[in-house]
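A.B. asks: Contents are TSV, C-alpha atoms; file name final13.tsv:
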chain	number	residue	atom	x	y	z
J	265	MET	CA	15.03	13.76	-6.98
J	266	GLN	CA	17.16	11.35	-4.95
J	267	ILE	CA	19.27	8.79	-6.78
J	268	HIS	CA	20.46	5.95	-4.61
J	269	GLU	CA	23.20	3.88	-6.18
J	270	ASP	CA	23.81	0.27	-5.30
J	271	GLN	CA	25.41	-2.77	-6.82
J	272	GLN	CA	24.53	-6.45	-6.92
J	273	GLY	CA	27.25	-8.47	-8.53
J	274	ASP	CA	28.01	-6.58	-11.72
J	275	VAL	CA	24.59	-4.96	-11.90
J	276	GLN	CA	24.52	-1.22	-11.21
J	277	ILE	CA	21.28	-0.31	-9.49
J	278	PHE	CA	19.83	3.21	-9.48
J	279	ALA	CA	16.86	3.67	-7.15
J	280	LEU	CA	15.00	6.87	-7.95
J	281	ALA	CA	12.80	8.81	-5.54
J	282	GLY	CA	10.83	11.92	-6.43
J	283	GLN	CA	10.41	13.54	-9.82
J	284	LEU	CA	12.49	12.94	-12.93
J	285	ASP	CA	11.82	16.14	-14.84
J	286	THR	CA	13.49	19.08	-16.57
J	287	SER	CA	15.31	20.19	-13.41
J	288	THR	CA	16.59	16.74	-12.41
J	289	ALA	CA	17.12	14.93	-15.72
J	290	ALA	CA	20.60	16.32	-16.46
J	291	ALA	CA	22.06	15.09	-13.19
J	292	PHE	CA	20.56	11.63	-13.72
J	293	GLU	CA	21.85	11.54	-17.28
J	294	SER	CA	25.41	12.32	-16.22
J	295	ARG	CA	25.30	9.64	-13.49
J	296	LEU	CA	23.92	6.98	-15.85
J	297	LEU	CA	26.05	7.81	-18.87
J	298	GLY	CA	29.07	8.25	-16.62
J	299	LYS	CA	28.72	4.65	-15.46
J	300	ILE	CA	28.39	3.45	-19.03
J	301	GLU	CA	31.47	5.39	-20.07
J	302	ALA	CA	33.30	3.86	-17.12
J	303	GLY	CA	32.57	0.45	-18.62
J	304	GLU	CA	29.46	-0.67	-16.73
J	305	ARG	CA	27.14	-2.69	-18.94
J	306	ARG	CA	24.38	-4.02	-16.70
J	307	MET	CA	22.04	-1.51	-15.17
J	308	LEU	CA	18.81	-1.60	-13.26
J	309	ILE	CA	16.66	1.46	-12.68
J	310	ASP	CA	14.36	0.90	-9.74
J	311	CYS	CA	11.40	3.27	-10.11
J	312	ALA	CA	9.46	2.35	-6.96
J	313	GLY	CA	9.89	5.86	-5.56
J	314	LEU	CA	9.47	7.68	-8.86
J	315	ARG	CA	6.20	9.55	-8.75
J	316	TYR	CA	6.50	11.69	-11.89
J	317	VAL	CA	8.47	11.65	-15.12
J	318	ASN	CA	8.30	14.05	-18.06
J	319	SER	CA	9.82	13.92	-21.55
J	320	ALA	CA	13.18	15.24	-20.28
J	321	GLY	CA	13.42	12.18	-18.03
J	322	LEU	CA	12.14	9.85	-20.74
J	323	LYS	CA	14.86	11.08	-23.08
J	324	VAL	CA	17.51	10.13	-20.51
J	325	MET	CA	16.04	6.62	-20.26
J	326	LEU	CA	16.03	6.32	-24.05
J	327	LEU	CA	19.63	7.53	-24.35
J	328	ALA	CA	20.79	5.08	-21.69
J	329	ALA	CA	18.90	2.23	-23.38
J	330	LYS	CA	20.47	3.08	-26.74
J	331	ARG	CA	23.98	3.36	-25.33
J	332	LEU	CA	23.73	0.07	-23.48
J	333	ASP	CA	22.21	-1.64	-26.50
J	334	ALA	CA	25.05	-0.39	-28.70
J	335	ALA	CA	27.57	-1.66	-26.14
J	336	LYS	CA	25.80	-5.06	-25.94
J	337	GLY	CA	24.80	-4.27	-22.37
J	338	LYS	CA	21.48	-4.68	-20.58
J	339	LEU	CA	19.08	-2.18	-19.07
J	340	VAL	CA	16.06	-3.18	-17.02
J	341	LEU	CA	13.51	-0.96	-15.32
J	342	CYS	CA	11.46	-2.22	-12.38
J	343	ALA	CA	8.67	-1.24	-10.02
J	344	LEU	CA	7.09	1.51	-12.10
J	345	THR	CA	3.97	2.93	-10.49
J	346	PRO	CA	0.77	2.76	-12.60
J	347	SER	CA	0.91	6.45	-13.63
J	348	VAL	CA	4.54	6.28	-14.68
J	349	LEU	CA	4.02	2.94	-16.47
J	350	MET	CA	1.13	4.51	-18.38
J	351	ILE	CA	3.48	7.23	-19.66
J	352	PHE	CA	6.10	4.68	-20.72
J	353	GLU	CA	3.43	2.72	-22.59
J	354	MET	CA	2.12	5.85	-24.32
J	355	ILE	CA	5.45	6.38	-26.00
J	356	GLY	CA	6.08	2.73	-26.65
J	357	PHE	CA	9.04	2.36	-24.31
J	358	ASN	CA	7.62	-0.95	-23.10
J	359	ASN	CA	8.41	-2.31	-26.58
J	360	ILE	CA	12.04	-1.23	-26.62
J	361	MET	CA	13.01	-1.61	-22.96
J	362	GLN	CA	12.62	-4.39	-20.43
J	363	ILE	CA	10.18	-3.32	-17.75
J	364	VAL	CA	9.26	-5.70	-14.93
J	365	PRO	CA	7.16	-5.24	-11.78
J	366	THR	CA	9.71	-6.03	-9.08
J	367	ARG	CA	13.39	-5.74	-8.32
J	368	GLU	CA	13.53	-9.49	-7.71
J	369	GLU	CA	12.29	-10.23	-11.21
J	370	ALA	CA	14.73	-7.72	-12.63
J	371	LEU	CA	17.68	-9.34	-10.88
J	372	ARG	CA	16.52	-12.75	-12.10
J	373	LEU	CA	16.62	-11.40	-15.66
J	374	PHE	CA	20.23	-10.37	-15.12
J	375	ARG	CA	21.06	-13.79	-13.70
J	376	GLY	CA	19.50	-15.34	-16.80
J	377	GLU	CA	17.04	-17.37	-14.77
J	378	GLU	CA	13.96	-16.00	-16.42
J	379	THR	CA	13.00	-14.87	-19.89
J	380	PRO	CA	10.72	-11.83	-19.95
J	381	ALA	CA	7.09	-12.36	-20.93
K	289	MET	CA	-15.36	18.10	-7.12
K	290	HIS	CA	-15.64	21.88	-7.11
K	291	GLU	CA	-15.68	24.26	-10.07
K	292	GLY	CA	-13.32	27.18	-10.31
K	293	SER	CA	-10.08	28.37	-11.85
K	294	ILE	CA	-6.71	29.90	-11.11
K	295	THR	CA	-4.26	31.81	-13.26
K	296	ILE	CA	-0.54	31.37	-12.74
K	297	ARG	CA	2.01	33.79	-14.18
K	298	LEU	CA	5.42	32.35	-14.92
K	299	ALA	CA	8.70	33.81	-16.05
K	300	THR	CA	10.05	32.09	-19.14
K	301	ASP	CA	12.50	30.09	-17.07
K	302	LEU	CA	12.45	26.29	-16.94
K	303	ARG	CA	12.88	26.43	-13.16
K	304	GLU	CA	9.39	27.91	-12.93
K	305	ILE	CA	7.83	24.65	-14.03
K	306	GLU	CA	8.29	23.16	-10.58
K	307	ARG	CA	6.17	25.99	-9.19
K	308	LEU	CA	3.60	25.38	-11.92
K	309	ASN	CA	3.40	21.69	-10.96
K	310	GLU	CA	2.94	22.61	-7.29
K	311	MET	CA	0.14	25.05	-8.03
K	312	VAL	CA	-1.66	22.65	-10.34
K	313	ARG	CA	-1.53	19.94	-7.68
K	314	ARG	CA	-2.71	22.30	-4.98
K	315	PHE	CA	-5.59	23.38	-7.23
K	316	GLY	CA	-6.42	19.73	-7.83
K	317	LYS	CA	-6.48	18.99	-4.12
K	318	LEU	CA	-8.64	22.01	-3.27
K	319	HIS	CA	-11.12	21.24	-6.01
K	320	GLU	CA	-11.02	17.48	-5.32
K	321	ILE	CA	-10.12	16.59	-8.88
K	322	PRO	CA	-9.50	12.87	-9.50
K	323	MET	CA	-5.78	12.07	-9.44
K	324	ARG	CA	-5.60	10.51	-12.88
K	325	SER	CA	-7.10	13.51	-14.68
K	326	LEU	CA	-5.04	15.98	-12.71
K	327	TYR	CA	-1.83	14.04	-13.34
K	328	ALA	CA	-2.54	14.12	-17.08
K	329	LEU	CA	-3.09	17.90	-17.15
K	330	ASP	CA	-0.11	18.51	-14.85
K	331	LEU	CA	2.22	16.62	-17.19
K	332	ALA	CA	0.69	18.08	-20.36
K	333	LEU	CA	1.13	21.63	-19.05
K	334	ASP	CA	4.72	20.81	-18.04
K	335	GLU	CA	5.42	19.70	-21.61
K	336	VAL	CA	3.77	22.61	-23.44
K	337	VAL	CA	5.25	25.25	-21.15
K	338	THR	CA	8.69	23.66	-21.57
K	339	ASN	CA	8.27	23.72	-25.35
K	340	THR	CA	7.21	27.35	-25.33
K	341	ILE	CA	10.11	28.41	-23.12
K	342	LEU	CA	12.64	26.50	-25.22
K	343	HIS	CA	11.30	27.25	-28.71
K	344	GLY	CA	8.79	30.05	-28.52
K	345	PHE	CA	11.04	33.07	-28.15
K	346	GLU	CA	13.99	34.48	-30.04
K	347	GLN	CA	15.36	35.44	-26.64
K	348	PRO	CA	13.68	33.57	-23.76
K	349	ASP	CA	14.88	35.90	-21.01
K	350	GLY	CA	12.64	38.49	-19.50
K	351	HIS	CA	9.35	37.21	-20.84
K	352	GLU	CA	6.27	36.01	-19.06
K	353	LEU	CA	3.55	33.55	-19.83
K	354	SER	CA	0.31	32.70	-18.10
K	355	VAL	CA	-1.37	29.40	-17.41
K	356	ARG	CA	-5.01	29.25	-16.46
K	357	VAL	CA	-6.26	26.02	-14.91
K	358	GLY	CA	-9.98	25.53	-14.45
K	359	VAL	CA	-12.62	22.91	-13.85
K	360	ALA	CA	-16.18	23.23	-15.10
K	361	GLY	CA	-18.84	21.03	-16.61
K	362	GLY	CA	-16.96	17.80	-15.90
K	363	GLU	CA	-13.87	18.98	-17.75
K	364	LEU	CA	-10.46	20.10	-16.65
K	365	HIS	CA	-9.04	22.96	-18.74
K	366	GLY	CA	-5.57	24.34	-19.14
K	367	GLU	CA	-4.85	27.45	-21.15
K	368	LEU	CA	-1.38	28.70	-21.95
K	369	VAL	CA	-0.99	32.26	-23.21
K	370	ASP	CA	2.33	33.73	-24.26
K	371	GLU	CA	3.59	36.57	-26.43
K	372	GLY	CA	6.32	34.64	-28.17
K	373	ARG	CA	6.71	34.21	-31.89
K	374	GLU	CA	3.87	32.49	-33.65
K	375	PHE	CA	4.38	28.89	-32.64
K	376	ASN	CA	1.88	26.06	-32.73
K	377	PRO	CA	3.29	23.16	-30.70
K	378	LEU	CA	0.65	20.85	-32.18
K	379	THR	CA	2.59	20.85	-35.45
K	380	VAL	CA	5.64	19.22	-33.87
K	381	PRO	CA	6.12	15.95	-35.76
K	382	PRO	CA	5.30	12.76	-33.83
K	383	PRO	CA	8.05	10.44	-32.66
K	384	ASN	CA	8.74	7.18	-34.49
K	385	LEU	CA	6.92	5.02	-31.96
K	386	ASP	CA	7.13	1.76	-33.85
K	387	ALA	CA	10.83	1.92	-34.57
K	388	PRO	CA	13.24	-0.49	-32.93
K	389	LEU	CA	15.44	0.91	-30.16
K	390	ARG	CA	18.35	1.76	-32.40
K	391	GLU	CA	16.21	3.91	-34.68
K	392	ARG	CA	14.08	5.62	-32.03
K	393	ARG	CA	14.57	9.39	-32.07
K	394	VAL	CA	14.44	11.52	-28.92
K	395	GLY	CA	12.40	14.36	-30.46
K	396	GLY	CA	8.65	14.83	-30.25
K	397	LEU	CA	8.09	12.76	-27.10
K	398	GLY	CA	6.69	15.63	-25.06
K	399	MET	CA	4.09	16.73	-27.60
K	400	HIS	CA	3.11	13.13	-28.27
K	401	LEU	CA	2.33	12.76	-24.57
K	402	VAL	CA	0.26	15.95	-24.68
K	403	ARG	CA	-1.76	14.72	-27.66
K	404	THR	CA	-2.32	11.32	-26.03
K	405	LEU	CA	-3.11	12.57	-22.53
K	406	MET	CA	-5.57	15.29	-23.51
K	407	ASP	CA	-9.03	14.85	-25.00
K	408	ARG	CA	-9.03	18.14	-26.89
K	409	LEU	CA	-6.34	20.55	-27.95
K	410	ASP	CA	-6.71	23.88	-29.66
K	411	TYR	CA	-4.21	26.46	-30.79
K	412	ARG	CA	-4.96	29.93	-32.02
K	413	ARG	CA	-3.04	33.09	-32.59
K	414	GLU	CA	-4.72	36.19	-31.13
K	415	GLY	CA	-2.89	39.33	-32.19
K	416	SER	CA	0.57	39.00	-30.69
K	417	LYS	CA	-0.36	36.04	-28.48
K	418	ASN	CA	-0.27	32.28	-28.77
K	419	VAL	CA	-3.24	30.68	-27.02
K	420	LEU	CA	-3.10	26.94	-26.44
K	421	THR	CA	-6.07	25.21	-24.83
K	422	LEU	CA	-5.92	21.72	-23.34
K	423	VAL	CA	-9.02	19.86	-22.20
K	424	LYS	CA	-9.28	16.67	-20.18
K	425	ARG	CA	-12.64	15.09	-19.52
K	426	ILE	CA	-12.83	14.09	-15.89
K	427	CYS	CA	-13.56	10.46	-15.19
What would the structure in this file look like if it were written as structure tokens?

C.D. replies:
Amino acid sequence: MQIHEDQQGDVQIFALAGQLDTSTAAAFESRLLGKIEAGERRMLIDCAGLRYVNSAGLKVMLLAAKRLDAAKGKLVLCALTPSVLMIFEMIGFNNIMQIVPTREEALRLFRGEETPA
Amino acid sequence: MHEGSITIRLATDLREIERLNEMVRRFGKLHEIPMRSLYALDLALDEVVTNTILHGFEQPDGHELSVRVGVAGGELHGELVDEGREFNPLTVPPPNLDAPLRERRVGGLGMHLVRTLMDRLDYRREGSKNVLTLVKRIC
């Protein structure tokens, strides 16, 4: 899986491409949690290129969400494909994480211009 | 859609799951199985094989398991056979889905997905083998 890191203002953006599964989850976890440990508090995970996620990957998302929540930070996920969104909804992650359709909407959430539906 | 089946033998090594995914997808393409059903079985097999490799053996090294994938009668079947200790993954407790973020536990997510994605699940112990059957109706 490719992880492309970017930044917009103080928002750390991770764009994922490929599969987030048992063989790639650990590397993603260390990148994400590393940023949090370094003091970053606002993170966006862009899932436009993510075509498959399993429970190993879902655990990483949950851990990141918990860590940021505990640190009064903000995590937003955007651009999930229908299959991946279905998986997130099956385990109720849509109730505990902010998931929006586009990167633009996600960045608006960070700017405080829009309240999520 | 075309009927048929394949059997894949895997070493009990998590790195083998990528190969399992590839073979399931190739099977799906050859047999023209609708994407949504195939995706569900692909992920469910990923989860149960992972569970078996991680929890099904005292010593995971040097063992093998087999996965049979088939399509017949409008249903997609997966069957996982291994010779690990008696282990029924269907008894893994469900995650606390309704809990707020702070109280959500990481355990049980994989098996919850399996139970939700599949239409039928069956576990039986046959001699020294665990046999887990997963069925997805094709729509």

A.B. asks: So how many Å separate CA of Thr300 in chain K and CA of Asp285 in chain J, to one decimal?

C.D. replies: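 Atom-to-atom, CA of Thr300 in chain K and CA of Asp285 in chain J are spaced 16.6 Å apart.
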
A.B. asks: Which residue, K:Asn339, K:Ala360, K:Glu367, K:Asn384, has the smallest gap to Ala320 in chain J when you use all atoms listed in the file?

C.D. replies: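 Closest to Ala320 in chain J of all the choices is K:Asn339.
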
A.B. asks: Identify, on the basis of all atoms listed in the file, every residue whose closest approach to Leu422 in chain K does not exceed 6 Å; exclude the query and any residue fewer than 3 positions from it along the same chain; express the result as a list in words.

C.D. replies: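 Neighbouring residues, sequence-local ones excluded: His365, Gly366, Arg408 and Leu409 of chain K.
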
A.B. asks: Using all atoms listed in the file, tabulate the residues of chain J lying at most 7 Å from any atom of chain K, each with its closest atom pair and that distance in Å to one decimal, by chain and increasing residue number, as a Markdown table.

C.D. replies:
| residue | atom | partner | partner_atom | distance |
| --- | --- | --- | --- | --- |
| J:Ser287 | CA | K:Arg303 | CA | 6.7 |
| J:Asn318 | CA | K:Leu331 | CA | 6.7 |
| J:Ser319 | CA | K:Gly398 | CA | 5.0 |
| J:Lys323 | CA | K:Val394 | CA | 5.9 |
| J:Lys330 | CA | K:Arg390 | CA | 6.2 |
| J:Met354 | CA | K:Leu401 | CA | 6.9 |
| J:Ile355 | CA | K:Leu385 | CA | 6.3 |
| J:Gly356 | CA | K:Leu385 | CA | 5.8 |
| J:Ile360 | CA | K:Leu389 | CA | 5.4 |

A.B. asks: Which residues are near Leu373 in chain J? Cut-off 12 Å, only C-alpha atoms, ignore same chain within fewer than 6 positions. Put them as number ranges by chain.

C.D. replies: J: 275, 306-308, 338-342, 362-367, 379-381
